[in-house]
Amino acid sequence: RRGGLQGAALPPRGPLRLLRARAGGGGAGASMGRFAQIVIGPAGCGKSTYCAQLQEHCRTVGRSVHMVNMDPAADTFQYDAALDIRQLVTVDDIMEATGLGPNGALVYAMEFLEEHIPDWLAVELENFADDEYVVFDCPGQIELYSHLASFRAFVDFLRGDGWNVCAVYMLDAQFMTDAAKFIAGSMTALSAMVQLELPHVNVLTKLDLIQNKDDVERFLDIDARLLGQSLNARMAPSFRKLNEAIASVVDEFSMVSYFPLDYSDEESLADLLVHVDGSIQYGEDMDVKDTIKALEDEDLEDR
């Protein structure tokens with residue numbers, strides 16, 4: 001029609017062309033990437049409870065989210081799993097076959113997963129469409145996140161496969177009731193942050209079980225001087241310089257901060273989800289996709 005190009009696809013107009021470029025090419029069906037939370041932390045810190053609560057919250061608000069169990073030692077969990085690593089390997093099977101104990105068998109299982117990323121995990125994750133939001137409920141063995149290579153290989157695969165990933169590090173609020181526990185919890189969180197190199201959100205769990213929440217509040221906005229004093233009061237003088245240095249790192253460089261999660265507060269989980277979504281830019285690409293579709297419809301009407 002225009003210029004004699006009857007039936008030919010006309011090039012998009014300026015705004016539509018720019019938005020398509022931002023979205024990575026294509027039209028309304030263009031791939032916007034997939035999104036994931038990797039829920040990690042020590043054993044018993046409430047990772048599976050968080051996943052179950054998050055799934056229930058998303059159902060209530062009409063939001064699609066998928067849960068994946070990544071713990072080969074799990075017995076039961078309270079959420080509906082779209083994918084389960086126990087379909088590939090279980091700790092019990094490894095213990096029986098190798099004679100390893102529970103901890104050694106769990107490390108073995110994660111190394112086994114690493115070997116089978118191409119032929120199992122990659123294939124299973126193809127079932128999740130573009131723009132899907134997946135939460136991976138991970139084991140509670142802290143060395144997986146602090147220094148072992150197998151879990152980092154899983155993270156690297158997700159990022160290489162186009163997933164926008166955030167690590168959600170769960171920590172029991174009991175770690176925030178005195179200075180020594182606070183430092184211990186903060187150092188493990190920091191080691192995971194350095195090892196995984198992901199957008200990272202530290203979450204305090206089980207706040208609803210803490211009777212005196214003032215004990216926790218004072219560590220959410222920590223002062224290095226008071227933290228150092230608290231540590232020095234209970235440790236030998238030879239640790240004074242070390243205590244002051246660690247307190248300074250936590251305070252001055254803001255390397256570790258915490259989001260308090262209280263299930264007795266209806267808005268607490270929703271606020272955390274907004275915080276995590278922002279770290280992986282979830283929703284921003286959705287807005288672009290909707291705009292592309294609207295502009296395409298408008299463009300077709302004009303033609």
# chains A, B, ... in the order shown; residues from 1 in each chain; ligands from 1
$ residues_around --residues "His57 (chain A)" --least-positions-apart "2" --cutoff "12 Å" --atoms "only C-alpha atoms" --output "PyMOL selection string"
chain A and resi 50-55+59-65+79+263+266-273
$ write_last_selection --atoms "C-alpha atoms" --output "compact mmCIF listing (two decimals), in the first residue's frame"
# COMPACT_ATOMS: atom_id res chain seq x y z
CA TYR A 50 8.44 -18.43 54.07
CA CYS A 51 7.86 -20.22 50.76
CA ALA A 52 4.51 -21.56 51.95
CA GLN A 53 3.41 -18.16 53.27
CA LEU A 54 4.55 -16.47 50.06
CA GLN A 55 2.63 -18.93 47.90
CA ARG A 59 -2.76 -16.84 45.59
CA THR A 60 -4.74 -14.35 47.66
CA VAL A 61 -3.68 -11.37 45.55
CA GLY A 62 -4.01 -13.27 42.26
CA ARG A 63 -0.32 -13.37 41.40
CA SER A 64 1.38 -16.31 39.71
CA VAL A 65 4.37 -17.80 41.52
CA TYR A 79 3.61 -25.55 49.68
CA TYR A 263 3.80 -12.97 59.90
CA GLU A 266 -0.42 -8.65 57.38
CA GLU A 267 1.62 -6.10 55.43
CA SER A 268 5.06 -7.42 56.38
CA LEU A 269 5.25 -10.17 53.74
CA ALA A 270 3.80 -7.89 51.05
CA ASP A 271 6.41 -5.23 51.85
CA LEU A 272 9.20 -7.81 51.64
CA LEU A 273 7.94 -9.03 48.27
$ residues_around --residues "Leu158 (chain A)" --least-positions-apart "2" --cutoff "10 Å" --atoms "only C-alpha atoms" --output "ChimeraX atom specification"
/A:34-36,121-122,125,152-156,160-165
$ atom_distance --atom1 "CA of Gln78 (chain A)" --atom2 "CA of Ser264 (chain A)"
18.2 Å
$ residues_around --residues "Gln229 (chain A)" --least-positions-apart "5" --cutoff "12 Å" --atoms "only C-alpha atoms" --output "number ranges by chain"
A: 178-180, 223-224, 234-235, 237, 239-248
$ atom_distance --atom1 "CA of Tyr258 (chain A)" --atom2 "CA of Ser238 (chain A)"
29.5 Å
$ residues_around --residues "Ser146 (chain A)" --least-positions-apart "3" --cutoff "6 Å" --atoms "only C-alpha atoms" --output "ChimeraX atom specification"
/A:143,191-192,195
$ closest_residue --among "A:Val249, A:Cys58, A:Ile117, A:Ala167" --to "His200 (chain A)" --atoms "only C-alpha atoms"
A:Ala167
$ decode --residues "region 80-117 of chain A" --atoms "N, CA, C and O atoms" --output "PDB file, in the first residue's frame"
ATOM      1  N   ASP A  80       2.835 -26.177  47.481  1.00  0.00           N
ATOM      2  CA  ASP A  80       2.721 -27.027  46.302  1.00  0.00           C
ATOM      3  C   ASP A  80       3.937 -26.796  45.420  1.00  0.00           C
ATOM      4  O   ASP A  80       4.147 -25.687  44.917  1.00  0.00           O
ATOM      5  N   ALA A  81       4.740 -27.824  45.224  1.00  0.00           N
ATOM      6  CA  ALA A  81       5.979 -27.686  44.467  1.00  0.00           C
ATOM      7  C   ALA A  81       5.738 -27.976  42.989  1.00  0.00           C
ATOM      8  O   ALA A  81       5.197 -29.025  42.627  1.00  0.00           O
ATOM      9  N   ALA A  82       6.164 -27.038  42.150  1.00  0.00           N
ATOM     10  CA  ALA A  82       6.081 -27.249  40.707  1.00  0.00           C
ATOM     11  C   ALA A  82       7.218 -28.133  40.218  1.00  0.00           C
ATOM     12  O   ALA A  82       7.115 -28.757  39.151  1.00  0.00           O
ATOM     13  N   LEU A  83       8.292 -28.192  40.992  1.00  0.00           N
ATOM     14  CA  LEU A  83       9.461 -29.009  40.655  1.00  0.00           C
ATOM     15  C   LEU A  83      10.136 -29.416  41.952  1.00  0.00           C
ATOM     16  O   LEU A  83      10.166 -28.648  42.915  1.00  0.00           O
ATOM     17  N   ASP A  84      10.675 -30.634  41.980  1.00  0.00           N
ATOM     18  CA  ASP A  84      11.259 -31.169  43.210  1.00  0.00           C
ATOM     19  C   ASP A  84      12.564 -31.883  42.861  1.00  0.00           C
ATOM     20  O   ASP A  84      12.578 -32.806  42.045  1.00  0.00           O
ATOM     21  N   ILE A  85      13.664 -31.463  43.493  1.00  0.00           N
ATOM     22  CA  ILE A  85      14.959 -32.079  43.219  1.00  0.00           C
ATOM     23  C   ILE A  85      14.965 -33.558  43.580  1.00  0.00           C
ATOM     24  O   ILE A  85      15.765 -34.345  43.053  1.00  0.00           O
ATOM     25  N   ARG A  86      14.055 -33.984  44.454  1.00  0.00           N
ATOM     26  CA  ARG A  86      14.004 -35.393  44.847  1.00  0.00           C
ATOM     27  C   ARG A  86      13.573 -36.297  43.703  1.00  0.00           C
ATOM     28  O   ARG A  86      13.705 -37.519  43.800  1.00  0.00           O
ATOM     29  N   GLN A  87      13.075 -35.690  42.619  1.00  0.00           N
ATOM     30  CA  GLN A  87      12.830 -36.468  41.409  1.00  0.00           C
ATOM     31  C   GLN A  87      14.140 -36.908  40.770  1.00  0.00           C
ATOM     32  O   GLN A  87      14.175 -37.885  40.021  1.00  0.00           O
ATOM     33  N   LEU A  88      15.215 -36.170  41.068  1.00  0.00           N
ATOM     34  CA  LEU A  88      16.548 -36.496  40.546  1.00  0.00           C
ATOM     35  C   LEU A  88      17.376 -37.279  41.542  1.00  0.00           C
ATOM     36  O   LEU A  88      17.989 -38.298  41.198  1.00  0.00           O
ATOM     37  N   VAL A  89      17.403 -36.827  42.789  1.00  0.00           N
ATOM     38  CA  VAL A  89      18.284 -37.422  43.787  1.00  0.00           C
ATOM     39  C   VAL A  89      17.732 -37.135  45.176  1.00  0.00           C
ATOM     40  O   VAL A  89      17.114 -36.091  45.406  1.00  0.00           O
ATOM     41  N   THR A  90      17.956 -38.087  46.102  1.00  0.00           N
ATOM     42  CA  THR A  90      17.591 -37.873  47.505  1.00  0.00           C
ATOM     43  C   THR A  90      18.784 -38.198  48.390  1.00  0.00           C
ATOM     44  O   THR A  90      19.650 -39.006  48.034  1.00  0.00           O
ATOM     45  N   VAL A  91      18.827 -37.561  49.546  1.00  0.00           N
ATOM     46  CA  VAL A  91      19.894 -37.805  50.499  1.00  0.00           C
ATOM     47  C   VAL A  91      19.853 -39.244  51.006  1.00  0.00           C
ATOM     48  O   VAL A  91      20.891 -39.889  51.182  1.00  0.00           O
ATOM     49  N   ASP A  92      18.658 -39.770  51.238  1.00  0.00           N
ATOM     50  CA  ASP A  92      18.534 -41.144  51.734  1.00  0.00           C
ATOM     51  C   ASP A  92      19.148 -42.145  50.754  1.00  0.00           C
ATOM     52  O   ASP A  92      19.851 -43.083  51.166  1.00  0.00           O
ATOM     53  N   ASP A  93      18.891 -41.959  49.474  1.00  0.00           N
ATOM     54  CA  ASP A  93      19.459 -42.865  48.474  1.00  0.00           C
ATOM     55  C   ASP A  93      20.979 -42.792  48.454  1.00  0.00           C
ATOM     56  O   ASP A  93      21.669 -43.821  48.324  1.00  0.00           O
ATOM     57  N   ILE A  94      21.522 -41.597  48.593  1.00  0.00           N
ATOM     58  CA  ILE A  94      22.977 -41.437  48.580  1.00  0.00           C
ATOM     59  C   ILE A  94      23.593 -42.047  49.831  1.00  0.00           C
ATOM     60  O   ILE A  94      24.634 -42.722  49.762  1.00  0.00           O
ATOM     61  N   MET A  95      22.958 -41.847  50.982  1.00  0.00           N
ATOM     62  CA  MET A  95      23.467 -42.438  52.217  1.00  0.00           C
ATOM     63  C   MET A  95      23.497 -43.957  52.114  1.00  0.00           C
ATOM     64  O   MET A  95      24.454 -44.606  52.551  1.00  0.00           O
ATOM     65  N   GLU A  96      22.449 -44.521  51.536  1.00  0.00           N
ATOM     66  CA  GLU A  96      22.390 -45.977  51.390  1.00  0.00           C
ATOM     67  C   GLU A  96      23.435 -46.487  50.408  1.00  0.00           C
ATOM     68  O   GLU A  96      24.052 -47.537  50.629  1.00  0.00           O
ATOM     69  N   ALA A  97      23.661 -45.744  49.330  1.00  0.00           N
ATOM     70  CA  ALA A  97      24.571 -46.213  48.282  1.00  0.00           C
ATOM     71  C   ALA A  97      26.036 -45.983  48.625  1.00  0.00           C
ATOM     72  O   ALA A  97      26.904 -46.756  48.202  1.00  0.00           O
ATOM     73  N   THR A  98      26.338 -44.928  49.388  1.00  0.00           N
ATOM     74  CA  THR A  98      27.732 -44.560  49.621  1.00  0.00           C
ATOM     75  C   THR A  98      28.198 -44.735  51.056  1.00  0.00           C
ATOM     76  O   THR A  98      29.400 -44.745  51.316  1.00  0.00           O
ATOM     77  N   GLY A  99      27.260 -44.829  52.013  1.00  0.00           N
ATOM     78  CA  GLY A  99      27.634 -44.908  53.415  1.00  0.00           C
ATOM     79  C   GLY A  99      27.972 -43.566  54.029  1.00  0.00           C
ATOM     80  O   GLY A  99      28.430 -43.499  55.173  1.00  0.00           O
ATOM     81  N   LEU A 100      27.747 -42.481  53.296  1.00  0.00           N
ATOM     82  CA  LEU A 100      27.995 -41.151  53.830  1.00  0.00           C
ATOM     83  C   LEU A 100      26.959 -40.785  54.881  1.00  0.00           C
ATOM     84  O   LEU A 100      25.853 -41.315  54.893  1.00  0.00           O
ATOM     85  N   GLY A 101      27.320 -39.840  55.753  1.00  0.00           N
ATOM     86  CA  GLY A 101      26.379 -39.303  56.704  1.00  0.00           C
ATOM     87  C   GLY A 101      25.481 -38.265  56.058  1.00  0.00           C
ATOM     88  O   GLY A 101      25.639 -37.938  54.876  1.00  0.00           O
ATOM     89  N   PRO A 102      24.542 -37.696  56.828  1.00  0.00           N
ATOM     90  CA  PRO A 102      23.582 -36.737  56.243  1.00  0.00           C
ATOM     91  C   PRO A 102      24.235 -35.514  55.597  1.00  0.00           C
ATOM     92  O   PRO A 102      23.847 -35.117  54.497  1.00  0.00           O
ATOM     93  N   ASN A 103      25.230 -34.929  56.264  1.00  0.00           N
ATOM     94  CA  ASN A 103      25.860 -33.731  55.715  1.00  0.00           C
ATOM     95  C   ASN A 103      26.659 -34.047  54.455  1.00  0.00           C
ATOM     96  O   ASN A 103      26.577 -33.335  53.448  1.00  0.00           O
ATOM     97  N   GLY A 104      27.441 -35.116  54.510  1.00  0.00           N
ATOM     98  CA  GLY A 104      28.219 -35.509  53.336  1.00  0.00           C
ATOM     99  C   GLY A 104      27.325 -35.893  52.174  1.00  0.00           C
ATOM    100  O   GLY A 104      27.624 -35.590  51.014  1.00  0.00           O
ATOM    101  N   ALA A 105      26.213 -36.552  52.481  1.00  0.00           N
ATOM    102  CA  ALA A 105      25.288 -36.956  51.421  1.00  0.00           C
ATOM    103  C   ALA A 105      24.632 -35.743  50.772  1.00  0.00           C
ATOM    104  O   ALA A 105      24.378 -35.738  49.562  1.00  0.00           O
ATOM    105  N   LEU A 106      24.363 -34.698  51.564  1.00  0.00           N
ATOM    106  CA  LEU A 106      23.753 -33.492  50.994  1.00  0.00           C
ATOM    107  C   LEU A 106      24.725 -32.787  50.051  1.00  0.00           C
ATOM    108  O   LEU A 106      24.344 -32.344  48.963  1.00  0.00           O
ATOM    109  N   VAL A 107      26.000 -32.702  50.456  1.00  0.00           N
ATOM    110  CA  VAL A 107      27.006 -32.114  49.566  1.00  0.00           C
ATOM    111  C   VAL A 107      27.133 -32.941  48.292  1.00  0.00           C
ATOM    112  O   VAL A 107      27.206 -32.403  47.184  1.00  0.00           O
ATOM    113  N   TYR A 108      27.147 -34.259  48.439  1.00  0.00           N
ATOM    114  CA  TYR A 108      27.205 -35.159  47.285  1.00  0.00           C
ATOM    115  C   TYR A 108      26.011 -34.913  46.360  1.00  0.00           C
ATOM    116  O   TYR A 108      26.160 -34.877  45.123  1.00  0.00           O
ATOM    117  N   ALA A 109      24.831 -34.747  46.951  1.00  0.00           N
ATOM    118  CA  ALA A 109      23.620 -34.546  46.149  1.00  0.00           C
ATOM    119  C   ALA A 109      23.702 -33.255  45.338  1.00  0.00           C
ATOM    120  O   ALA A 109      23.292 -33.218  44.169  1.00  0.00           O
ATOM    121  N   MET A 110      24.231 -32.184  45.940  1.00  0.00           N
ATOM    122  CA  MET A 110      24.340 -30.927  45.214  1.00  0.00           C
ATOM    123  C   MET A 110      25.389 -31.012  44.120  1.00  0.00           C
ATOM    124  O   MET A 110      25.250 -30.397  43.053  1.00  0.00           O
ATOM    125  N   GLU A 111      26.452 -31.785  44.351  1.00  0.00           N
ATOM    126  CA  GLU A 111      27.435 -32.008  43.285  1.00  0.00           C
ATOM    127  C   GLU A 111      26.830 -32.853  42.163  1.00  0.00           C
ATOM    128  O   GLU A 111      27.134 -32.640  40.977  1.00  0.00           O
ATOM    129  N   PHE A 112      25.962 -33.780  42.544  1.00  0.00           N
ATOM    130  CA  PHE A 112      25.254 -34.584  41.541  1.00  0.00           C
ATOM    131  C   PHE A 112      24.328 -33.692  40.709  1.00  0.00           C
ATOM    132  O   PHE A 112      24.226 -33.842  39.487  1.00  0.00           O
ATOM    133  N   LEU A 113      23.652 -32.759  41.369  1.00  0.00           N
ATOM    134  CA  LEU A 113      22.814 -31.801  40.642  1.00  0.00           C
ATOM    135  C   LEU A 113      23.651 -30.990  39.668  1.00  0.00           C
ATOM    136  O   LEU A 113      23.231 -30.777  38.519  1.00  0.00           O
ATOM    137  N   GLU A 114      24.826 -30.537  40.116  1.00  0.00           N
ATOM    138  CA  GLU A 114      25.695 -29.757  39.234  1.00  0.00           C
ATOM    139  C   GLU A 114      26.024 -30.532  37.963  1.00  0.00           C
ATOM    140  O   GLU A 114      26.015 -29.972  36.858  1.00  0.00           O
ATOM    141  N   GLU A 115      26.294 -31.830  38.105  1.00  0.00           N
ATOM    142  CA  GLU A 115      26.612 -32.656  36.942  1.00  0.00           C
ATOM    143  C   GLU A 115      25.425 -32.794  35.996  1.00  0.00           C
ATOM    144  O   GLU A 115      25.604 -32.976  34.783  1.00  0.00           O
ATOM    145  N   HIS A 116      24.215 -32.703  36.557  1.00  0.00           N
ATOM    146  CA  HIS A 116      23.017 -32.955  35.753  1.00  0.00           C
ATOM    147  C   HIS A 116      22.223 -31.678  35.472  1.00  0.00           C
ATOM    148  O   HIS A 116      21.036 -31.766  35.132  1.00  0.00           O
ATOM    149  N   ILE A 117      22.865 -30.537  35.599  1.00  0.00           N
ATOM    150  CA  ILE A 117      22.191 -29.298  35.203  1.00  0.00           C
ATOM    151  C   ILE A 117      21.776 -29.328  33.741  1.00  0.00           C
ATOM    152  O   ILE A 117      20.629 -29.004  33.411  1.00  0.00           O
TER     153      ILE A 117
END
